[in-house]
$ cat final.txt   # compact mmCIF, C-alpha atoms
# COMPACT_ATOMS: atom_id res chain seq x y z
CA MET A 259 40.53 -41.98 15.15
CA ASN A 260 37.70 -39.56 16.00
CA ASP A 261 37.93 -35.83 15.40
CA ASP A 262 38.32 -34.99 19.07
CA PHE A 263 41.24 -37.40 19.48
CA ALA A 264 42.98 -36.18 16.33
CA THR A 265 42.56 -32.58 17.46
CA ALA A 266 44.07 -33.39 20.86
CA MET A 267 47.04 -35.12 19.23
CA ARG A 268 47.71 -32.17 16.94
CA ARG A 269 47.56 -29.78 19.87
CA SER A 270 49.91 -32.03 21.85
CA LEU A 271 52.49 -32.07 19.08
CA GLN A 272 52.25 -28.30 18.79
CA GLN A 273 52.91 -27.92 22.51
CA THR A 274 55.89 -30.31 22.37
CA ARG A 275 57.47 -28.43 19.48
CA ALA A 276 56.86 -25.18 21.34
CA GLY A 277 58.90 -26.50 24.27
CA ASN A 278 55.98 -27.15 26.64
CA PRO A 279 56.14 -30.88 27.48
CA VAL A 280 53.95 -30.56 30.56
CA GLU A 281 50.98 -29.27 28.58
CA ALA A 282 51.68 -31.76 25.77
CA THR A 283 51.60 -34.63 28.25
CA ARG A 284 48.37 -33.39 29.80
CA LEU A 285 46.69 -33.25 26.41
CA ILE A 286 47.84 -36.77 25.49
CA GLN A 287 46.73 -38.19 28.85
CA GLU A 288 43.31 -36.59 28.43
CA ALA A 289 43.01 -37.90 24.87
CA LEU A 290 43.92 -41.45 25.88
CA ARG A 291 41.25 -41.30 28.57
CA GLY A 292 38.65 -40.31 26.00
CA GLY A 293 38.51 -36.61 26.81
CA ARG A 294 38.55 -33.67 24.45
CA GLY A 295 41.97 -32.34 25.32
CA GLY A 296 40.49 -29.28 26.90
CA ALA A 297 40.53 -28.29 30.54
CA SER A 298 41.96 -31.19 32.51
CA ASP A 299 40.53 -32.83 35.59
CA LEU A 300 43.95 -34.33 36.36
CA PRO A 301 45.75 -33.27 39.57
CA PRO A 302 47.87 -30.13 39.09
CA VAL A 303 51.05 -30.94 37.17
CA SER A 304 53.05 -28.88 39.62
CA SER A 305 52.56 -31.45 42.39
CA ALA A 306 55.95 -32.92 43.22
CA HIS A 307 56.87 -36.43 44.23
CA ARG A 308 58.71 -36.11 47.52
CA SER A 309 59.97 -38.65 50.01
CA GLY A 310 57.21 -40.89 51.27
CA HIS A 311 55.50 -41.03 47.86
CA ARG A 312 56.12 -43.13 44.79
CA SER A 313 58.75 -41.08 42.99
CA ASP A 314 58.55 -41.27 39.21
CA VAL A 315 60.26 -39.03 36.68
CA GLU A 316 57.70 -40.05 34.04
CA GLU A 317 57.79 -38.99 30.41
CA ALA A 318 60.24 -36.21 31.22
CA GLU A 319 63.03 -38.77 30.99
CA VAL A 320 62.77 -38.84 27.21
CA VAL A 321 61.43 -35.45 26.13
CA GLU A 322 63.84 -33.84 23.70
CA THR A 323 64.08 -30.34 22.29
CA THR A 324 63.04 -31.11 18.71
CA PRO A 325 61.08 -34.37 18.59
CA PRO A 326 61.66 -36.47 15.46
CA ARG A 327 58.74 -36.49 13.07
CA ARG A 328 57.07 -39.88 13.45
CA PRO A 329 53.70 -41.24 12.37
CA LEU A 330 51.15 -40.20 14.96
CA GLY A 331 50.09 -43.81 15.40
CA LYS A 332 53.54 -44.77 16.64
CA VAL A 333 53.58 -41.92 19.14
CA VAL A 334 50.20 -42.93 20.53
CA ALA A 335 51.15 -46.62 20.63
CA GLY A 336 54.27 -45.83 22.61
CA LEU A 337 52.33 -43.79 25.12
CA ARG A 338 49.44 -46.26 25.34
CA ASN A 339 51.85 -49.07 26.23
CA ARG A 340 53.83 -47.24 28.90
CA PRO A 341 54.16 -49.04 32.27
CA GLN A 342 51.64 -48.65 35.05
CA GLY A 343 52.22 -45.46 37.01
CA PHE A 344 54.03 -43.86 34.05
CA SER A 345 51.73 -40.86 33.95
CA GLY A 346 52.02 -37.18 33.27
CA GLN A 347 50.48 -36.33 36.62
CA GLY A 348 53.85 -36.04 38.34
CA LEU A 349 55.54 -33.90 35.70
CA ARG A 350 56.51 -30.62 37.26
CA MET A 351 58.68 -27.62 36.86
CA PRO A 352 61.52 -27.70 39.42
CA GLN A 353 60.78 -25.65 42.50
CA PRO A 354 63.41 -23.28 43.94
CA VAL A 355 65.66 -25.23 46.27
CA THR A 356 68.04 -23.73 48.79
CA ALA A 357 71.57 -24.93 48.17
CA PRO A 358 72.87 -27.22 50.93
CA GLY A 359 74.86 -25.58 53.69
CA VAL A 360 78.63 -25.33 53.43
CA PRO A 361 80.94 -25.96 56.41
CA PRO A 362 83.63 -23.43 57.30
CA GLY A 363 86.46 -23.45 54.78
CA ALA A 364 84.45 -25.31 52.11
CA ARG A 365 83.06 -23.73 48.96
CA PHE A 366 80.03 -24.37 46.74
CA GLU A 367 80.81 -22.30 43.67
CA ARG A 368 78.74 -21.48 40.61
CA ARG A 369 80.83 -21.81 37.45
CA GLN A 370 80.52 -21.88 33.68
CA PHE A 371 82.39 -24.04 31.19
CA LYS A 372 82.90 -22.95 27.59
CA GLY A 373 85.00 -24.90 25.10
CA PRO A 374 85.17 -26.20 21.54
CA VAL A 375 82.76 -29.04 22.41
CA GLY A 376 80.10 -26.75 23.92
CA ALA A 377 79.14 -25.01 27.16
CA ARG A 378 77.29 -25.71 30.40
CA ASP A 379 77.00 -24.12 33.82
CA TYR A 380 77.89 -26.20 36.84
CA ARG A 381 78.28 -26.08 40.61
CA LEU A 382 81.55 -27.13 42.21
CA TYR A 383 81.84 -28.28 45.82
CA LEU A 384 85.32 -27.97 47.32
CA PRO A 385 85.86 -29.58 50.75
CA SER A 386 87.23 -27.54 53.63
CA THR A 387 90.57 -29.33 53.20
CA HIS A 388 90.94 -28.39 49.52
CA GLY A 389 93.89 -26.13 50.28
CA SER A 390 96.01 -29.16 51.15
CA GLY A 391 94.80 -31.28 48.22
CA ILE A 392 91.69 -33.09 47.00
CA ALA A 393 91.44 -36.86 47.37
CA GLY A 394 89.07 -37.44 44.46
CA LEU A 395 86.47 -35.84 42.21
CA VAL A 396 82.88 -36.99 41.60
CA VAL A 397 80.66 -35.76 38.75
CA MET A 398 76.98 -35.91 39.82
CA LEU A 399 74.36 -35.86 37.04
CA HIS A 400 70.81 -34.91 38.05
CA GLY A 401 67.62 -36.49 36.74
CA CYS A 402 64.94 -34.82 34.65
CA THR A 403 63.19 -31.73 36.07
CA GLN A 404 65.96 -31.37 38.66
CA SER A 405 68.58 -28.69 39.18
CA PRO A 406 72.10 -29.09 40.60
CA GLU A 407 70.96 -27.49 43.87
CA ASP A 408 67.95 -29.81 44.12
CA PHE A 409 70.07 -32.88 43.39
CA ALA A 410 72.77 -31.81 45.83
CA ALA A 411 70.18 -31.25 48.57
CA GLY A 412 68.47 -34.59 47.92
CA THR A 413 71.57 -36.78 47.72
CA ALA A 414 73.64 -35.02 50.41
CA MET A 415 76.73 -36.05 48.45
CA ASN A 416 78.55 -32.87 49.45
CA ALA A 417 78.43 -33.99 53.10
CA GLN A 418 79.91 -37.36 52.14
CA ALA A 419 82.56 -35.64 50.05
CA GLU A 420 83.48 -33.36 52.95
CA GLN A 421 84.14 -36.37 55.18
CA HIS A 422 86.65 -37.85 52.74
CA GLY A 423 88.21 -34.78 51.15
CA PHE A 424 86.48 -35.18 47.77
CA ALA A 425 85.29 -32.45 45.42
CA VAL A 426 81.97 -32.73 43.57
CA ILE A 427 80.92 -31.32 40.18
CA TRP A 428 77.18 -30.72 39.65
CA PRO A 429 76.58 -30.01 35.92
CA GLU A 430 73.37 -28.26 34.92
CA GLN A 431 71.23 -29.16 31.92
CA THR A 432 69.37 -26.29 30.23
CA ARG A 433 65.89 -25.97 28.78
CA MET A 434 67.50 -24.91 25.54
CA HIS A 435 68.97 -28.40 25.19
CA ASN A 436 66.07 -30.31 26.75
CA PRO A 437 62.82 -28.66 27.89
CA SER A 438 62.49 -31.04 30.85
CA LEU A 439 66.16 -30.68 31.87
CA CYS A 440 66.95 -34.28 30.90
CA TRP A 441 70.41 -35.35 29.81
CA ASN A 442 69.86 -36.69 26.28
CA TRP A 443 70.99 -40.26 26.95
CA PHE A 444 68.64 -41.66 24.27
CA ARG A 445 70.12 -39.81 21.28
CA ALA A 446 72.77 -41.54 19.17
CA THR A 447 74.81 -38.34 18.92
CA ASP A 448 74.98 -38.17 22.72
CA GLN A 449 76.15 -41.74 23.24
CA ARG A 450 79.70 -41.33 21.92
CA ARG A 451 82.69 -39.06 22.50
CA SER A 452 80.67 -36.12 21.19
CA GLY A 453 77.72 -33.94 22.17
CA GLU A 454 76.83 -33.93 25.86
CA PRO A 455 79.31 -36.66 26.87
CA ALA A 456 82.13 -34.59 25.37
CA ILE A 457 80.99 -31.47 27.26
CA LEU A 458 80.65 -33.29 30.59
CA HIS A 459 84.00 -35.00 30.14
CA ALA A 460 85.64 -31.67 29.34
CA ILE A 461 84.23 -30.13 32.52
CA ALA A 462 85.53 -33.03 34.61
CA ALA A 463 88.93 -32.95 32.94
CA SER A 464 89.28 -29.18 33.41
CA VAL A 465 88.47 -29.31 37.14
CA ALA A 466 90.70 -32.35 37.68
CA ASP A 467 93.56 -30.51 35.98
CA GLU A 468 92.94 -27.29 37.91
CA PHE A 469 93.18 -29.04 41.28
CA SER A 470 95.58 -31.85 40.28
CA VAL A 471 93.07 -34.59 41.12
CA PRO A 472 94.21 -37.99 39.79
CA ASP A 473 90.98 -39.93 40.35
CA VAL A 474 87.67 -38.93 38.78
CA PHE A 475 84.32 -40.71 39.19
CA VAL A 476 80.82 -40.18 37.80
CA ALA A 477 77.34 -40.97 39.11
CA GLY A 478 73.77 -40.02 38.34
CA LEU A 479 70.07 -40.64 38.82
CA SER A 480 67.74 -41.90 36.08
CA ALA A 481 68.53 -39.89 32.93
CA GLY A 482 71.65 -38.75 34.78
CA GLY A 483 72.48 -42.37 35.63
CA ALA A 484 72.13 -43.36 31.99
CA MET A 485 74.44 -40.51 30.98
CA ALA A 486 76.92 -41.47 33.71
CA ALA A 487 77.09 -44.96 32.21
CA ILE A 488 77.73 -43.46 28.76
CA LEU A 489 80.58 -41.35 30.14
CA ALA A 490 82.21 -44.32 31.87
CA GLN A 491 81.91 -46.42 28.73
CA ASN A 492 83.42 -43.81 26.43
CA TYR A 493 86.03 -42.21 28.68
CA ALA A 494 87.57 -45.10 30.60
CA GLU A 495 90.88 -43.22 30.67
CA THR A 496 89.27 -40.52 32.84
CA PHE A 497 86.62 -42.15 35.01
CA SER A 498 87.90 -44.76 37.47
CA ALA A 499 84.42 -46.02 38.44
CA VAL A 500 80.74 -45.18 37.97
CA GLY A 501 77.57 -45.15 40.06
CA VAL A 502 74.25 -45.71 38.26
CA HIS A 503 71.06 -45.10 40.24
CA SER A 504 67.78 -46.11 38.54
CA GLY A 505 69.40 -45.76 35.12
CA LEU A 506 69.98 -47.61 31.87
CA ALA A 507 72.90 -49.14 29.97
CA PRO A 508 74.63 -47.40 27.07
CA GLY A 509 72.91 -48.06 23.76
CA SER A 510 69.53 -48.78 25.36
CA ALA A 511 67.79 -46.39 22.96
CA GLN A 512 68.41 -44.51 19.74
CA ASP A 513 65.45 -42.10 19.85
CA VAL A 514 62.41 -41.18 21.89
CA VAL A 515 60.32 -44.19 20.86
CA SER A 516 62.99 -46.77 21.72
CA ALA A 517 63.67 -44.90 24.98
CA PHE A 518 60.10 -45.58 26.12
CA GLY A 519 60.60 -49.25 25.29
CA ALA A 520 63.94 -49.48 27.14
CA MET A 521 62.51 -47.83 30.23
CA ARG A 522 59.55 -50.21 30.09
CA GLY A 523 61.98 -53.13 29.96
CA ASP A 524 61.58 -54.17 26.33
CA THR A 525 64.49 -55.97 24.69
CA ALA A 526 67.17 -53.54 23.53
CA GLY A 527 69.49 -55.22 21.04
CA ALA A 528 72.16 -52.51 21.01
CA THR A 529 72.61 -52.36 24.79
CA GLU A 530 76.23 -52.43 25.97
CA ALA A 531 77.16 -53.80 29.40
CA LEU A 532 79.64 -51.56 31.18
CA ARG A 533 83.36 -52.19 30.91
CA ALA A 534 84.22 -50.40 34.15
CA PRO A 535 83.93 -50.77 37.93
CA VAL A 536 80.29 -50.00 38.67
CA ILE A 537 77.95 -49.73 41.65
CA VAL A 538 74.24 -49.86 40.79
CA PHE A 539 71.21 -48.91 42.91
CA HIS A 540 67.67 -49.72 41.80
CA GLY A 541 64.33 -50.02 43.57
CA THR A 542 62.33 -53.21 43.08
CA ASP A 543 59.16 -51.10 42.75
CA ASP A 544 60.53 -48.69 40.15
CA ARG A 545 57.78 -48.21 37.57
CA THR A 546 59.61 -45.56 35.56
CA VAL A 547 62.79 -47.49 34.68
CA ALA A 548 62.19 -51.24 34.87
CA PRO A 549 64.62 -53.12 37.19
CA VAL A 550 65.52 -55.47 34.31
CA ASN A 551 67.79 -52.68 33.12
CA VAL A 552 70.19 -53.51 35.96
CA SER A 553 71.38 -56.74 34.33
CA ARG A 554 71.85 -54.86 31.05
CA ILE A 555 74.18 -52.41 32.82
CA THR A 556 76.29 -55.11 34.47
CA GLY A 557 76.11 -57.98 32.01
CA PRO A 558 76.69 -61.53 33.31
CA LEU A 559 78.72 -61.64 36.54
CA SER A 560 81.38 -64.11 37.62
CA ALA A 561 82.54 -64.89 41.16
CA GLU A 562 79.10 -63.80 42.29
CA THR A 563 78.32 -63.20 45.98
CA GLN A 564 75.18 -62.05 47.68
CA ARG A 565 74.16 -60.65 51.05
CA SER A 566 71.00 -59.16 52.48
CA GLY A 567 70.52 -56.31 54.88
CA HIS A 568 68.09 -53.88 56.43
CA ALA A 569 68.36 -50.11 56.81
CA ALA A 570 67.30 -50.59 60.41
CA ASP A 571 68.95 -47.41 61.63
CA GLN A 572 66.29 -45.39 59.80
CA SER A 573 62.60 -45.23 60.60
CA GLY A 574 60.81 -47.70 58.38
CA GLY A 575 64.13 -48.71 56.86
CA ARG A 576 63.95 -50.83 53.73
CA ARG A 577 65.39 -54.27 53.19
CA PHE A 578 67.98 -54.65 50.45
CA THR A 579 70.10 -57.24 48.69
CA VAL A 580 73.67 -56.59 47.55
CA THR A 581 75.04 -58.73 44.74
CA GLY A 582 78.76 -58.55 44.03
CA GLY A 583 80.91 -60.02 41.29
CA ARG A 584 83.05 -59.29 38.27
CA ASN A 585 81.82 -58.18 34.88
CA ALA A 586 83.00 -59.48 31.50
CA THR A 587 86.11 -57.28 31.62
CA GLY A 588 87.00 -58.41 35.14
CA HIS A 589 86.01 -55.18 36.87
CA PRO A 590 84.20 -55.24 40.24
CA VAL A 591 80.43 -54.78 40.33
CA GLU A 592 78.00 -54.12 43.19
CA VAL A 593 74.23 -54.18 42.68
CA TRP A 594 72.01 -52.84 45.45
CA SER A 595 68.39 -53.95 45.02
CA ILE A 596 66.15 -51.94 47.38
CA GLU A 597 62.96 -53.72 48.35
CA GLY A 598 59.81 -51.68 47.76
CA SER A 599 61.62 -48.54 46.68
CA GLY A 600 60.47 -46.62 43.60
CA HIS A 601 62.22 -44.23 41.24
CA ALA A 602 64.14 -42.31 43.89
CA TRP A 603 67.62 -41.78 45.33
CA SER A 604 68.04 -44.34 48.14
CA GLY A 605 68.75 -42.86 51.55
CA GLY A 606 68.37 -39.33 50.24
CA SER A 607 67.13 -36.27 52.08
CA ALA A 608 63.55 -35.01 51.92
CA SER A 609 64.96 -31.54 51.24
CA GLY A 610 65.43 -32.59 47.59
CA SER A 611 63.15 -34.24 45.05
CA TYR A 612 62.95 -37.91 44.03
CA THR A 613 64.43 -39.31 47.24
CA ASP A 614 63.66 -42.28 49.48
CA PRO A 615 65.05 -41.58 52.97
CA ALA A 616 64.05 -45.07 54.18
CA GLY A 617 66.60 -46.84 51.99
CA PRO A 618 70.30 -47.48 52.56
CA ASP A 619 72.49 -44.45 51.87
CA ALA A 620 73.41 -44.59 48.17
CA SER A 621 75.70 -41.55 48.47
CA ALA A 622 77.74 -43.08 51.28
CA GLU A 623 77.99 -46.46 49.55
CA MET A 624 78.94 -44.94 46.19
CA LEU A 625 81.69 -42.86 47.74
CA ARG A 626 82.94 -45.91 49.65
CA PHE A 627 83.02 -47.87 46.38
CA PHE A 628 84.84 -45.02 44.62
CA ARG A 629 87.44 -44.80 47.37
CA GLN A 630 88.10 -48.51 47.01
CA HIS A 631 88.93 -48.00 43.33
CA LYS A 632 91.22 -45.00 43.53
CA ASP A 633 94.70 -44.90 42.09
CA GLY A 634 93.92 -47.45 39.39
CA VAL A 635 93.04 -50.20 41.90
CA ARG A 636 90.52 -52.52 40.29
$ encode --input "final.txt" --output "structure tokens"
Amino acid sequence: MNDDFATAMRRSLQQTRAGNPVEATRLIQEALRGGRGGASDLPPVSSAHRSGHRSDVEEAEVVETTPPRRPLGKVVAGLRNRPQGFSGQGLRMPQPVTAPGVPPGARFERRQFKGPVGARDYRLYLPSTHGSGIAGLVVMLHGCTQSPEDFAAGTAMNAQAEQHGFAVIWPEQTRMHNPSLCWNWFRATDQRRSGEPAILHAIAASVADEFSVPDVFVAGLSAGGAMAAILAQNYAETFSAVGVHSGLAPGSAQDVVSAFGAMRGDTAGATEALRAPVIVFHGTDDRTVAPVNVSRITGPLSAETQRSGHAADQSGGRRFTVTGGRNATGHPVEVWSIEGSGHAWSGGSASGSYTDPAGPDASAEMLRFFRQHKDGVR
């Protein structure tokens, strides 16, 4: 290792520990390309991936607050072997996003949860019909670098919820707990009934109790999808079904290094297939979270069916394949494989980040799946 490279690595680690993952990533990228880790000739890191572009959530998916101390060689090896397109160029700070509009009688509240397990802020959407009862409750977990408002704008799940009388919880990750706003799906302490899963479950339970909602569901994108799977696996008594978009199975990683491997598609021996009704969306061209992770979420399926379709009602609509079946515990499974789509919410709105408007509407299909599995129907 030459002096310039070693200097760049030291500076990168200093930036990571200081809570500046964007600068740390830039320094590492420059070092791996043979530069001196000084002024970068990379595109500005603030450039966002929007609809119409390949949407990757890059290294931000696994950046944690206090990185474990590992030999520098292992860190470099993990970065050097990342999948094609897995670059720091798309890392960005979230831009201010206007919250989606609210129809008359509906509410989009800003709230805070504090309890023995911890605290988080969250947004709560209440449909215009909430005064006469709420049909169901969905917890929506954003991906890295996103905010609840950004995720709500991009997925348009509030509009779907309004149609069917559902409420939606939009929890917010903080930079204190992860500098890139990732849910910490890759940490062992956040894969059980403790840590972030316990906080998110407590938020869902408190809102369900407040409004007497019997059926609660959870969904998320990328890091949020991985955390949604963890919640469904650990709190089956609360969550009736789960939607995982571009995510990973519980147990896919135990730390940052294994998280890179799981996202790349390497074998993950501790992975747990879900024991719950689940609908999965994943793009075939996702270069941030490898599509092989889909089969790790579902496990082997029985009574398998398959159909193909085309989002022809949208300009440039994508083709897709839907595979149905039953998982090892007999619960229903739907897998939507979106041809040519990257790391982005299928059918989402360009008003939010990491969306692919050309795909079938993941929000509509998830809510349809959730409605089919209300009241304990499996």
$ atom_distance --input "final.txt" --atom1 "atom CA of Val536 of chain A" --atom2 "atom CA of Pro549 of chain A"
16.0 Å
$ atom_distance --input "final.txt" --atom1 "atom CA of Gln491 of chain A" --atom2 "atom CA of Arg450 of chain A"
8.8 Å
$ residues_around --input "final.txt" --residues "segment 417-420 of chain A" --least-positions-apart "3" --cutoff "10 Å" --atoms "only C-alpha atoms" --output "count of residues only"
30
$ atom_distance --input "final.txt" --atom1 "atom CA of Val500 of chain A" --atom2 "atom CA of Gly376 of chain A"
23.2 Å
$ residues_near_point --input "final.txt" --point "(72.7, -52.6, 53.3)" --cutoff "7 Å" --atoms "all atoms listed in the file" --output "NGL selection string"
:A and (566-569 or 578 or 618)
$ residues_around --input "final.txt" --residues "Gln564 of chain A" --least-positions-apart "4" --cutoff "9 Å" --atoms "all atoms listed in the file" --output "tab-separated table (two decimals) with C-alpha atoms, keeping the file's coordinate frame"
chain	number	residue	atom	x	y	z
A	579	THR	CA	70.10	-57.24	48.69
A	580	VAL	CA	73.67	-56.59	47.55
A	581	THR	CA	75.04	-58.73	44.74
A	582	GLY	CA	78.76	-58.55	44.03
A	583	GLY	CA	80.91	-60.02	41.29
$ closest_residue --input "final.txt" --among "A:Val465, A:Ala528, A:Met521, A:Cys440" --to "Gly482 of chain A" --atoms "only C-alpha atoms"
A:Cys440
$ residues_around --input "final.txt" --residues "Gln630 of chain A" --least-positions-apart "2" --cutoff "12 Å" --atoms "all atoms listed in the file" --output "NGL selection string"
:A and (394 or 473 or 475 or 498-499 or 535-537 or 590-591 or 623-628 or 632-636)
$ build_atoms --input "final.txt" --residues "segment 462-476 of chain A" --atoms "N, CA, C and O atoms" --output "compact mmCIF listing (two decimals), in the frame of the given file"
# COMPACT_ATOMS: atom_id res chain seq x y z
N ALA A 462 84.82 -32.22 33.63
CA ALA A 462 85.53 -33.03 34.61
C ALA A 462 87.04 -32.93 34.45
O ALA A 462 87.78 -32.77 35.43
N ALA A 463 87.50 -33.00 33.21
CA ALA A 463 88.93 -32.95 32.94
C ALA A 463 89.52 -31.59 33.34
O ALA A 463 90.63 -31.51 33.89
N SER A 464 88.77 -30.50 33.09
CA SER A 464 89.28 -29.18 33.41
C SER A 464 89.41 -28.98 34.92
O SER A 464 90.39 -28.40 35.40
N VAL A 465 88.42 -29.46 35.69
CA VAL A 465 88.47 -29.31 37.14
C VAL A 465 89.56 -30.22 37.72
O VAL A 465 90.31 -29.82 38.62
N ALA A 466 89.66 -31.44 37.21
CA ALA A 466 90.70 -32.35 37.68
C ALA A 466 92.09 -31.77 37.44
O ALA A 466 92.99 -31.87 38.28
N ASP A 467 92.27 -31.13 36.29
CA ASP A 467 93.56 -30.51 35.98
C ASP A 467 93.82 -29.30 36.87
O ASP A 467 94.94 -29.10 37.36
N GLU A 468 92.78 -28.49 37.09
CA GLU A 468 92.94 -27.29 37.91
C GLU A 468 93.39 -27.61 39.33
O GLU A 468 94.22 -26.89 39.91
N PHE A 469 92.86 -28.69 39.90
CA PHE A 469 93.18 -29.04 41.28
C PHE A 469 94.08 -30.26 41.41
O PHE A 469 94.26 -30.79 42.50
N SER A 470 94.64 -30.71 40.29
CA SER A 470 95.58 -31.85 40.28
C SER A 470 94.99 -33.08 40.96
O SER A 470 95.60 -33.69 41.84
N VAL A 471 93.76 -33.43 40.56
CA VAL A 471 93.07 -34.59 41.12
C VAL A 471 93.29 -35.79 40.20
O VAL A 471 92.88 -35.75 39.03
N PRO A 472 93.92 -36.86 40.68
CA PRO A 472 94.21 -37.99 39.79
C PRO A 472 93.03 -38.92 39.53
O PRO A 472 93.00 -39.61 38.52
N ASP A 473 92.06 -38.95 40.46
CA ASP A 473 90.98 -39.93 40.35
C ASP A 473 89.63 -39.23 40.20
O ASP A 473 89.23 -38.43 41.06
N VAL A 474 88.95 -39.55 39.10
CA VAL A 474 87.67 -38.93 38.78
C VAL A 474 86.60 -40.02 38.65
O VAL A 474 86.85 -41.06 38.03
N PHE A 475 85.42 -39.75 39.20
CA PHE A 475 84.32 -40.71 39.19
C PHE A 475 83.06 -40.00 38.68
O PHE A 475 83.00 -38.77 38.66
N VAL A 476 82.06 -40.77 38.29
CA VAL A 476 80.82 -40.18 37.80
C VAL A 476 79.64 -41.00 38.30
O VAL A 476 79.72 -42.23 38.40
